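Visitor: Sharing a structure here in structure tokens format.
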Amino acid sequence: MKRVAVIGSGPAGLSAALALRENGIQPVIFERRDLPGLKLLASGGGRCNFSNSLDVESFAARFGRNGLFLRDALRVAPREWLISFLESQGVKALLTDGFYYFPASGRARDILNAFLRAAHAELRTSSEVTEILTADGSVSGVRVDGEAIAFDAVILAGGGTAWQGLGTSSGLRLAESLGHTIMKPLPAVAPLLIREDWVKALSGVSIPHAKLLLRSGKRILAESIGSLLFTHEGLSGFSALDLAGDVSALCDRTGDAELLLSIRPEWGRAEWSSELERWRREGGVKLVRTHLARHAAHSLADAVCALSGCSEAKACMLSAMQRETLLSHLAALPLTVSGAGPMEKAMAMRGGVSLREIHPATMESRLVQGLYFAGEIVDLTGPCGGYNMQWAFSSGRLAGCMRNTR
Ligand SMILES: Cc1cc2nc3c(=O)[nH]c(=O)nc-3n(C[C@H](O)[C@H](O)[C@H](O)COP(=O)(O)OP(=O)(O)OC[C@H]3O[C@@H](n4cnc5c(N)ncnc54)[C@H](O)[C@@H]3O)c2cc1C
């Protein structure tokens with residue numbers, strides 16, 4: 001019988017182990033930590049948002065230019081498979097806000113236990129794989145605690161470098177030592193670091209529905225809409241976290257970059273212009289910032305008016321210049337972003353093993369026969385909302401099918 005080692009007991013490794021078991025192979029899972037699936041347990045605030053309701057094409061599109069790569073994995077192991085597997089193990093899925101899937105119990109642990117139970121793999125915790133052994137270009141085993149153990153194939157599902165409080169992955173180093181190219185690891189799904197002091201002064205203020213645009217020169221590189229939270233270092237909340245991977249990549253190349261913030265995404269200059277006119281007509285003697293506080297927290301309204309030079313201006317007394325500046329700030333307020341992170345606070349890593357060196361139809365390495373990859377270690381990162389978990393489960397299952405690439 002084929003002997004297969006799985007490196008990592010996260011969602012990707014567990015899903016790979018389950019597929020192996022279903023194919024009659026009893027895998028050995030090596031986990032460097034003393035407990036399995038720690039990131040899975042921490043995910044979604046302990047509830048694990050494991051997928052979402054998008055169809056395959058729309059789901060893949062949210063992974064950016066490289067999204068096409070994950071279509072094979074999603075076809076082999078779509079959301080429907082994951083939900084029906086979990087339900088077969090007594091873990092009911094709950095759809096919230098018509099989009100996010102969580103276990104109905106609200107416990108990520110139920111998902112971990114379902115996979116551990118069904119995969120029934122030999123799990124060796126506190127066992128770090130320090131070397132993947134090869135002979136004639138094919139995997140021949142792994143080295144753990146100085147001991148060489150023979151295997152016919154290895155699934156490397158060691159995760160990334162994000163959230164290092166949960167343990168630094170040595171998976172990237174293992175891949176690199178076998179000749180794989182590692183795309184630079186950068187923080188994704190992380191808070192944004194903003195230069196402007198007035199932003200930091202608003203720490204704790206939130207906007208339920210804001211839009212952020214990432215601009216490079218005249219080009220809009222990325223946009224996100226959702227909740228926004230001001231922090232003492234910049235911005236957090238869904239819309240900030242979603243943009244973090246793109247911000248990291250751009251700032252890594254160019255240094256500071258420009259963000260545009262809209263406090264009412266559905267309103268452009270024309271709508272705000274009508275609103276200013278309404279304030280003038282219906283409450284001209286009131287301060288502009290008093291009117292604006294109906295659309296945003298008082299402190300945010302004060303800050304926007306201060307930036308627009310109309311802190312003490314009444315709605316009926318706005319000069320043409322004040323009106324012009326205020327209008328452009330309300331439609332799109334420019335901010336300077338210096339990056340995202342730090343990596344220790346990131347919920348995902350951008351970068352990882354280059355996609356060019358992996359067969360998307362099997363997840364097998366193009367460089368080393370019998371070496372497969374799955375999950376976050378691969379250079380594919382989705383935004384918030386169950387994307388990264390689903391990718392880990394799907395790619396793990398595809399790798400565990402051990403399809404022959406050659
Ligand atoms: C706080 C937090 C919340 C999150 N919430 C969500 C969410 O709700 N929804 C979502 O989609 N995503 C979420 N994510 C992201 C998601 O957790 C990851 O994308 C996912 O866990 C990646 O799975 P993986 O199996 O590839 O890697 P991991 O889960 O990181 O597992 C890799 C495992 O490999 C082990 N390992 C590494 N190197 C070795 C080695 N050499 N030898 C032995 N073992 C090794 C590691 O210790 C680790 O246990 C969250 C992340 C964090 C940090």
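Residue names in the structure tokens use chain letters A, B, ... in the order shown, residue numbers from 1 in each chain, and ligand numbers from 1 in the order shown.
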Which of stretch 111-252 of chain A counts as strand (DSSP E or B) under DSSP, as a ChimeraX atom specification please?
Guide: /A:122-124,129-135,138-144,147-150,153-156,182-188,192-194,206-216,219-230,234-236
Visitor: Tell me, as a VMD selection string, which residues lie within 10 Å of A:Leu221, counting only C-alpha atoms; anything in the same chain fewer than 4 positions away does not count.
Guide: chain A and resid 213 to 217 243 246 to 247 250
Visitor: Restricted to C-alpha atoms, what would the selected residues look like written as a PDB file, in the first residue's frame?
Guide:
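Everything below was put into part.pdb:
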```pdb
ATOM      1  CA  LEU A 213     -10.524  52.402  -3.346  1.00  0.00           C
ATOM      2  CA  LEU A 214      -6.833  51.656  -3.799  1.00  0.00           C
ATOM      3  CA  ARG A 215      -5.338  53.969  -6.408  1.00  0.00           C
ATOM      4  CA  SER A 216      -2.043  53.819  -8.239  1.00  0.00           C
ATOM      5  CA  GLY A 217      -1.596  56.922 -10.373  1.00  0.00           C
ATOM      6  CA  LEU A 243      -8.043  45.298   0.596  1.00  0.00           C
ATOM      7  CA  ASP A 246      -3.490  44.371  -2.613  1.00  0.00           C
ATOM      8  CA  VAL A 247      -2.262  47.185  -0.355  1.00  0.00           C
ATOM      9  CA  LEU A 250       1.469  47.755  -3.928  1.00  0.00           C
TER      10      LEU A 250
END
```
Visitor: Would you kindly return, as a PyMOL selection string, each protein, DNA or RNA residue with an atom no farther than 12 Å from any atom of A:Pro342, considering only C-alpha atoms and excluding same-chain residues fewer than 5 positions away?
Guide: chain A and resi 161-165+185-193+233-234+244-245+248+347-349
Visitor: So that I have them on file, write out the residues from the current selection with C-alpha atoms, as a compact mmCIF listing (two decimals), in the first residue's frame.
Guide:
```
# COMPACT_ATOMS: atom_id res chain seq x y z
CA THR A 161 3.45 32.95 7.94
CA ALA A 162 0.35 34.89 9.06
CA TRP A 163 -0.75 35.15 12.73
CA GLN A 164 2.52 33.82 14.01
CA GLY A 165 1.26 33.61 17.57
CA PRO A 185 5.08 36.44 1.86
CA LEU A 186 3.12 39.61 2.70
CA PRO A 187 0.27 40.26 5.15
CA ALA A 188 -3.28 39.88 3.80
CA VAL A 189 -6.64 40.08 5.58
CA ALA A 190 -5.00 42.51 8.01
CA PRO A 191 -5.52 46.07 9.30
CA LEU A 192 -4.33 48.93 7.07
CA LEU A 193 -1.60 51.28 8.30
CA GLU A 233 -2.79 52.63 13.60
CA GLY A 234 -5.22 53.11 10.76
CA ALA A 244 -4.99 44.38 2.68
CA GLY A 245 -3.40 41.88 0.27
CA SER A 248 0.65 45.04 0.87
CA MET A 347 -5.37 36.41 9.07
CA ALA A 348 -3.82 35.24 5.83
CA MET A 349 -0.58 35.39 3.89
```
Visitor: Find the residues near ligand 1. Use a cut-off of 7 Å, count only C-alpha atoms and all ligand atoms, and write them as number ranges by chain.
Guide: A: 7-13, 30-33, 36-40, 42-45, 48-51, 127-130, 157-160, 162-163, 167-171, 346-348, 374-377, 384-390, 392
Visitor: Can you write out the residues you just picked, keeping N, CA and C atoms, as a compact mmCIF listing (two decimals), in the first residue's frame?
Guide:
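Writing the result to selection.txt gives the following:
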```txt
# COMPACT_ATOMS: atom_id res chain seq x y z
N ILE A 7 1.91 16.92 5.84
CA ILE A 7 2.58 17.86 6.75
C ILE A 7 1.60 18.98 7.07
N GLY A 8 1.14 19.02 8.32
CA GLY A 8 0.20 20.06 8.77
C GLY A 8 -1.18 19.50 9.04
N SER A 9 -1.75 19.89 10.18
CA SER A 9 -3.08 19.41 10.56
C SER A 9 -4.11 20.53 10.53
N GLY A 10 -3.89 21.51 9.61
CA GLY A 10 -4.90 22.54 9.39
C GLY A 10 -5.99 21.99 8.48
N PRO A 11 -6.92 22.84 8.04
CA PRO A 11 -7.99 22.37 7.16
C PRO A 11 -7.48 21.69 5.90
N ALA A 12 -6.38 22.19 5.33
CA ALA A 12 -5.87 21.57 4.10
C ALA A 12 -5.34 20.16 4.38
N GLY A 13 -4.56 20.02 5.43
CA GLY A 13 -3.98 18.71 5.76
C GLY A 13 -5.06 17.72 6.15
N PHE A 30 1.79 14.81 10.22
CA PHE A 30 2.79 15.38 11.13
C PHE A 30 2.40 16.82 11.46
N GLU A 31 2.36 17.15 12.73
CA GLU A 31 1.99 18.50 13.16
C GLU A 31 3.04 18.97 14.17
N ARG A 32 3.63 20.14 13.86
CA ARG A 32 4.71 20.61 14.72
C ARG A 32 4.21 21.11 16.08
N ARG A 33 2.95 21.55 16.13
CA ARG A 33 2.40 22.03 17.40
C ARG A 33 1.94 20.84 18.25
N PRO A 36 -3.68 19.70 17.18
CA PRO A 36 -3.99 19.87 15.75
C PRO A 36 -4.91 21.07 15.49
N GLY A 37 -4.83 21.58 14.26
CA GLY A 37 -5.80 22.55 13.75
C GLY A 37 -6.00 23.82 14.56
N LEU A 38 -4.90 24.39 15.09
CA LEU A 38 -5.08 25.55 15.97
C LEU A 38 -5.66 26.77 15.25
N LYS A 39 -5.24 26.96 14.00
CA LYS A 39 -5.76 28.14 13.28
C LYS A 39 -7.23 27.94 12.93
N LEU A 40 -7.56 26.71 12.60
CA LEU A 40 -8.97 26.41 12.32
C LEU A 40 -9.82 26.73 13.56
N ALA A 42 -9.19 28.90 15.83
CA ALA A 42 -9.24 30.36 16.08
C ALA A 42 -10.07 31.08 15.02
N SER A 43 -10.36 30.39 13.92
CA SER A 43 -10.95 31.09 12.78
C SER A 43 -12.37 31.59 13.08
N GLY A 44 -12.70 32.70 12.42
CA GLY A 44 -14.05 33.27 12.58
C GLY A 44 -14.40 33.51 14.03
N GLY A 45 -13.43 33.93 14.83
CA GLY A 45 -13.68 34.18 16.25
C GLY A 45 -14.10 32.89 16.98
N CYS A 48 -15.52 29.73 12.90
CA CYS A 48 -15.09 29.24 11.58
C CYS A 48 -16.10 29.50 10.46
N ASN A 49 -15.85 30.59 9.77
CA ASN A 49 -16.62 30.88 8.55
C ASN A 49 -15.97 30.05 7.44
N PHE A 50 -16.53 28.86 7.18
CA PHE A 50 -15.80 27.90 6.37
C PHE A 50 -16.07 28.02 4.87
N SER A 51 -17.10 28.76 4.46
CA SER A 51 -17.34 28.92 3.02
C SER A 51 -18.32 30.08 2.82
N SER A 127 5.60 17.15 16.23
CA SER A 127 6.51 16.48 15.29
C SER A 127 6.72 17.37 14.08
N GLU A 128 7.81 18.10 14.08
CA GLU A 128 8.08 18.99 12.96
C GLU A 128 8.89 18.27 11.89
N VAL A 129 8.38 18.34 10.66
CA VAL A 129 9.15 17.79 9.54
C VAL A 129 10.22 18.82 9.19
N THR A 130 11.47 18.41 9.27
CA THR A 130 12.56 19.35 9.01
C THR A 130 13.16 19.16 7.61
N ALA A 157 1.11 20.75 3.51
CA ALA A 157 -0.01 21.65 3.84
C ALA A 157 0.35 22.41 5.11
N GLY A 158 1.53 23.03 5.07
CA GLY A 158 2.09 23.65 6.28
C GLY A 158 1.62 25.07 6.54
N GLY A 159 0.69 25.60 5.72
CA GLY A 159 0.16 26.94 5.97
C GLY A 159 1.17 28.03 5.64
N GLY A 160 0.86 29.25 6.11
CA GLY A 160 1.70 30.40 5.78
C GLY A 160 2.33 31.03 7.01
N ALA A 162 1.25 33.94 8.40
CA ALA A 162 0.35 34.89 9.06
C ALA A 162 0.08 34.45 10.50
N TRP A 163 -0.29 35.41 11.36
CA TRP A 163 -0.75 35.15 12.73
C TRP A 163 0.25 34.23 13.45
N GLY A 167 2.13 29.95 15.72
CA GLY A 167 3.24 29.10 15.28
C GLY A 167 3.70 29.43 13.88
N THR A 168 5.01 29.60 13.73
CA THR A 168 5.56 29.90 12.41
C THR A 168 5.64 28.63 11.59
N SER A 169 5.15 28.72 10.39
CA SER A 169 5.20 27.55 9.52
C SER A 169 6.60 27.40 8.95
N SER A 170 7.09 26.18 8.91
CA SER A 170 8.37 25.96 8.23
C SER A 170 8.12 25.35 6.86
N GLY A 171 6.85 25.31 6.46
CA GLY A 171 6.49 24.70 5.18
C GLY A 171 7.14 25.39 4.00
N ALA A 346 -2.09 39.45 10.80
CA ALA A 346 -2.76 39.13 9.54
C ALA A 346 -3.47 37.79 9.65
N MET A 347 -4.64 37.68 9.03
CA MET A 347 -5.37 36.41 9.07
C MET A 347 -5.04 35.53 7.87
N ALA A 348 -4.26 36.06 6.97
CA ALA A 348 -3.82 35.24 5.83
C ALA A 348 -2.51 35.80 5.29
N ALA A 374 -1.10 21.99 -0.66
CA ALA A 374 -2.52 22.33 -0.41
C ALA A 374 -2.60 23.48 0.57
N GLY A 375 -3.61 24.33 0.38
CA GLY A 375 -3.94 25.37 1.35
C GLY A 375 -3.12 26.63 1.20
N GLU A 376 -2.94 27.29 2.33
CA GLU A 376 -2.38 28.65 2.35
C GLU A 376 -0.93 28.73 1.90
N ILE A 377 -0.22 27.62 1.92
CA ILE A 377 1.19 27.63 1.51
C ILE A 377 1.34 27.99 0.03
N CYS A 384 -11.76 38.28 3.07
CA CYS A 384 -12.55 37.76 4.22
C CYS A 384 -13.81 37.10 3.70
N GLY A 385 -14.30 36.13 4.42
CA GLY A 385 -15.62 35.61 4.06
C GLY A 385 -15.63 34.15 3.68
N GLY A 386 -14.79 33.32 4.29
CA GLY A 386 -14.84 31.89 4.05
C GLY A 386 -14.05 31.43 2.84
N TYR A 387 -13.43 32.36 2.12
CA TYR A 387 -12.69 32.00 0.90
C TYR A 387 -11.48 31.12 1.22
N ASN A 388 -10.71 31.53 2.22
CA ASN A 388 -9.44 30.83 2.45
C ASN A 388 -9.65 29.45 3.05
N MET A 389 -10.66 29.31 3.90
CA MET A 389 -10.99 27.98 4.44
C MET A 389 -11.45 27.04 3.33
N GLN A 390 -12.39 27.53 2.50
CA GLN A 390 -12.90 26.67 1.43
C GLN A 390 -11.76 26.24 0.51
N ALA A 392 -8.64 25.92 1.33
CA ALA A 392 -7.81 24.94 2.04
C ALA A 392 -8.47 23.56 1.99
```
Visitor: Nearest to A:Arg143: which of A:Ile83, A:Ala5, A:Ala257, A:Ala17 is it, counting only C-alpha atoms?
Guide: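 Of A:Ile83, A:Ala5, A:Ala257, A:Ala17, the one nearest A:Arg143 is A:Ala5, counting only C-alpha atoms.
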Visitor: Could you pull out the alpha helix (DSSP H) residues of stretch 97-140 of chain A, going by DSSP on the backbone, and write them as a list of chain:residue names?
Guide: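 Across stretch 97-140 of chain A, those assigned alpha helix (DSSP H) are A:Ala108, A:Arg109, A:Asp110, A:Ile111, A:Leu112, A:Asn113, A:Ala114, A:Phe115, A:Leu116, A:Arg117, A:Ala118, A:Ala119.
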Visitor: Could you check the closest approach to A:Arg278 for each of A:Leu156, A:Ala296, A:Met321, A:Cys316 and tell me which residue wins, using only C-alpha atoms?
Guide: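 Closest residue, counting only C-alpha atoms: A:Cys316.
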